[in-house]
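Just below is one structure, and these are the notes that go with it.
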Amino acid sequence: STFSSHVRQIIDILGHADHRSLVLLDELGAGTDPAEGSALGIAILKELNRRNAWTIANTHHNSIKAFAFTTDGISNAAMEFNADTLEPTYRILMGRIGQSNALSIAERLGFPKHLLTEARQHIEGKVQDLQQMIDRVEVSRIQAERQIARASNERFRARELRQAREDVLNRAEK
């Protein structure tokens, strides 16, 4: 199976990976039960992090995204997606947690509405809670970026004012 093939490759990677390695993992945790795949994905990332191996992994598993968000030495990034055109923009957004938007995409492509409604009802509350957490984190990140930008502008303005004051004092002394 695809999953068995992935596991064999990961076993080989773990047999060699160290601080000089670049490890690329595509669809980490896919091809099996989502809970088990996520658990394996997290264990793999923990091990590669312990080894200080440079690792790039992609996944659609929210639990792996949450793990990356809360773990030192691991960062999230998302690939930007244009929801209007249903096309990737090929821009990487560092520090962001990506979303698959599967139901929205299916809806835009004309998927039957009654099946979308049924699919939304089948989404577990836990997944919804995690997605809500991810959404709140994203809002907090945007707010923090705005505050950092304001603080940077204020710091720049303070430097300008300090320099102007020093210029005035120097002229007054002369």
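Ligands are numbered from 1 in the order shown, residues from 1 within each chain, and chains are lettered A, B, ... in the order they appear in the structure tokens.
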Quick one: DSSP alpha helix (DSSP H) residues in chain A, as an NGL selection string? :A and (2-16 or 34-50 or 62-70 or 102-108 or 113-122 or 125-173)
Counting only C-alpha atoms, what is within 12 Å of Asn62 (chain A), bar same-chain residues fewer than 5 positions away, as a list in words? Leu28, Gly29, Pro34, Ala35, Gly37, Ser38, Ala39, Gly41, Ile42, Phe67, Ala68, Phe69, Asn76, Ile97, Gly98, Gln99, Ser100, Lys126, Val127, Gln128, Asp129, Leu130, Gln131, Gln132, Met133, Ile134 and Asp135 of chain A
Any idea what the distance is between CA of Arg51 (chain A) and CA of Gln9 (chain A)? 17.5 Å
For region 80-85 of chain A: contacts at 9 Å, only C-alpha atoms, fewer than 6 positions along chain excluded, given as a compact mmCIF listing (two decimals) with all heavy atoms, in the first residue's frame:
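Now in part_12.txt:
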```txt
# COMPACT_ATOMS: atom_id res chain seq x y z
N ARG A 91 2.89 31.09 -3.01
CA ARG A 91 3.56 31.89 -1.97
C ARG A 91 3.51 31.11 -0.68
O ARG A 91 2.46 30.59 -0.30
CB ARG A 91 2.84 33.22 -1.77
CG ARG A 91 3.15 34.26 -2.81
CD ARG A 91 2.55 35.61 -2.47
NE ARG A 91 2.82 35.98 -1.09
CZ ARG A 91 2.02 36.74 -0.35
NH1 ARG A 91 0.92 37.23 -0.84
NH2 ARG A 91 2.33 37.03 0.90
N ILE A 92 4.64 31.03 0.00
CA ILE A 92 4.67 30.38 1.30
C ILE A 92 4.49 31.45 2.37
O ILE A 92 5.07 32.53 2.27
CB ILE A 92 5.97 29.57 1.51
CG1 ILE A 92 5.86 28.72 2.78
CG2 ILE A 92 7.19 30.46 1.54
CD1 ILE A 92 6.92 27.66 2.90
N LEU A 93 3.66 31.16 3.34
CA LEU A 93 3.34 32.10 4.41
C LEU A 93 3.89 31.53 5.71
O LEU A 93 3.27 30.66 6.33
CB LEU A 93 1.83 32.31 4.50
CG LEU A 93 1.14 32.73 3.19
CD1 LEU A 93 -0.37 32.70 3.33
CD2 LEU A 93 1.63 34.10 2.75
N GLY A 98 -1.98 26.31 7.72
CA GLY A 98 -2.80 26.18 6.53
C GLY A 98 -4.08 25.41 6.76
O GLY A 98 -4.21 24.65 7.72
N ASN A 101 -9.57 23.58 3.21
CA ASN A 101 -10.75 24.18 2.56
C ASN A 101 -11.48 23.22 1.63
O ASN A 101 -12.08 23.63 0.64
CB ASN A 101 -10.36 25.45 1.78
CG ASN A 101 -9.74 26.49 2.67
OD1 ASN A 101 -10.29 26.84 3.69
ND2 ASN A 101 -8.58 26.98 2.28
N SER A 104 -15.27 23.92 1.08
CA SER A 104 -15.48 25.16 0.32
C SER A 104 -15.13 24.96 -1.15
O SER A 104 -15.84 25.43 -2.04
CB SER A 104 -14.63 26.29 0.90
OG SER A 104 -14.98 26.54 2.22
N ILE A 105 -14.03 24.26 -1.39
CA ILE A 105 -13.63 23.99 -2.78
C ILE A 105 -14.67 23.12 -3.47
O ILE A 105 -15.09 23.39 -4.61
CB ILE A 105 -12.23 23.34 -2.82
CG1 ILE A 105 -11.18 24.35 -2.35
CG2 ILE A 105 -11.91 22.84 -4.23
CD1 ILE A 105 -9.81 23.75 -2.08
N ARG A 108 -17.66 25.20 -4.38
CA ARG A 108 -17.43 26.07 -5.55
C ARG A 108 -17.38 25.29 -6.85
O ARG A 108 -17.69 25.83 -7.91
CB ARG A 108 -16.12 26.84 -5.37
CG ARG A 108 -16.23 27.89 -4.32
CD ARG A 108 -15.66 29.15 -4.83
NE ARG A 108 -16.10 30.22 -3.96
CZ ARG A 108 -15.35 31.21 -3.60
NH1 ARG A 108 -14.13 31.30 -4.04
NH2 ARG A 108 -15.83 32.14 -2.84
```
Name the residues in contact with Leu24 (chain A) at a cut-off of 12 Å, using only C-alpha atoms, excluding same-chain residues fewer than 5 positions from it; report them as a list of chain:residue names.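 Neighbouring residues, sequence-local ones excluded: A:His6, A:Gln9, A:Ile10, A:Ile13, A:Ala17, A:Ile44, A:Leu45, A:Leu48, A:Ala53, A:Trp54, A:Thr55, A:Ile56, A:Ala57, A:Asn58, A:Thr59.
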Tell me which of A:Ser21, A:Gly31, A:Arg150, A:Arg96 sits closest to Ala66 (chain A), counting only C-alpha atoms.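 Selected residue with least distance to Ala66 (chain A): A:Arg96.
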Using the chain letters and numbers from this document, which residues of region 3-174 of chain A does DSSP assign to strand (DSSP E or B), as a PyMOL selection string? chain A and resi 22-25+54-57+77-82+87-94
Mind writing the picked residues with C-alpha atoms as an mmCIF file, in the first residue's frame?
```cif
data_model
loop_
_atom_site.group_PDB
_atom_site.id
_atom_site.type_symbol
_atom_site.label_atom_id
_atom_site.label_comp_id
_atom_site.auth_asym_id
_atom_site.auth_seq_id
_atom_site.Cartn_x
_atom_site.Cartn_y
_atom_site.Cartn_z
ATOM 1 C CA LEU A 22 17.480 17.755 4.878
ATOM 2 C CA VAL A 23 14.355 15.597 5.199
ATOM 3 C CA LEU A 24 11.343 16.178 2.953
ATOM 4 C CA LEU A 25 8.120 14.450 4.002
ATOM 5 C CA TRP A 54 16.376 20.101 8.779
ATOM 6 C CA THR A 55 12.854 18.918 7.971
ATOM 7 C CA ILE A 56 10.106 20.120 5.689
ATOM 8 C CA ALA A 57 6.844 18.211 6.015
ATOM 9 C CA ALA A 77 3.954 27.539 7.218
ATOM 10 C CA ALA A 78 1.076 27.567 4.783
ATOM 11 C CA MET A 79 0.879 27.721 1.054
ATOM 12 C CA GLU A 80 -1.327 30.600 -0.009
ATOM 13 C CA PHE A 81 -4.435 29.622 -1.933
ATOM 14 C CA ASN A 82 -6.714 31.924 -3.909
ATOM 15 C CA GLU A 87 -5.691 28.058 -7.577
ATOM 16 C CA PRO A 88 -2.480 28.143 -5.548
ATOM 17 C CA THR A 89 -0.526 31.399 -5.546
ATOM 18 C CA TYR A 90 2.780 29.581 -4.912
ATOM 19 C CA ARG A 91 3.556 31.885 -1.975
ATOM 20 C CA ILE A 92 4.674 30.378 1.301
ATOM 21 C CA LEU A 93 3.339 32.096 4.409
ATOM 22 C CA MET A 94 5.729 31.481 7.296
#
```
Restricting the calculation to only C-alpha atoms, which member of A:Arg162, A:Leu109, A:Gly95, A:Gly15 is positioned closest to Ile142 (chain A)? A:Gly95
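In this structure, CA of Phe156 (chain A) sits 22.2 Å away from CA of Arg141 (chain A).
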Just to confirm, what's the straight-line distance from CA of Arg120 (chain A) to CA of Leu103 (chain A) in Å (one decimal)?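 Straight-line distance from CA of Arg120 (chain A) to CA of Leu103 (chain A) works out to 7.9 Å.
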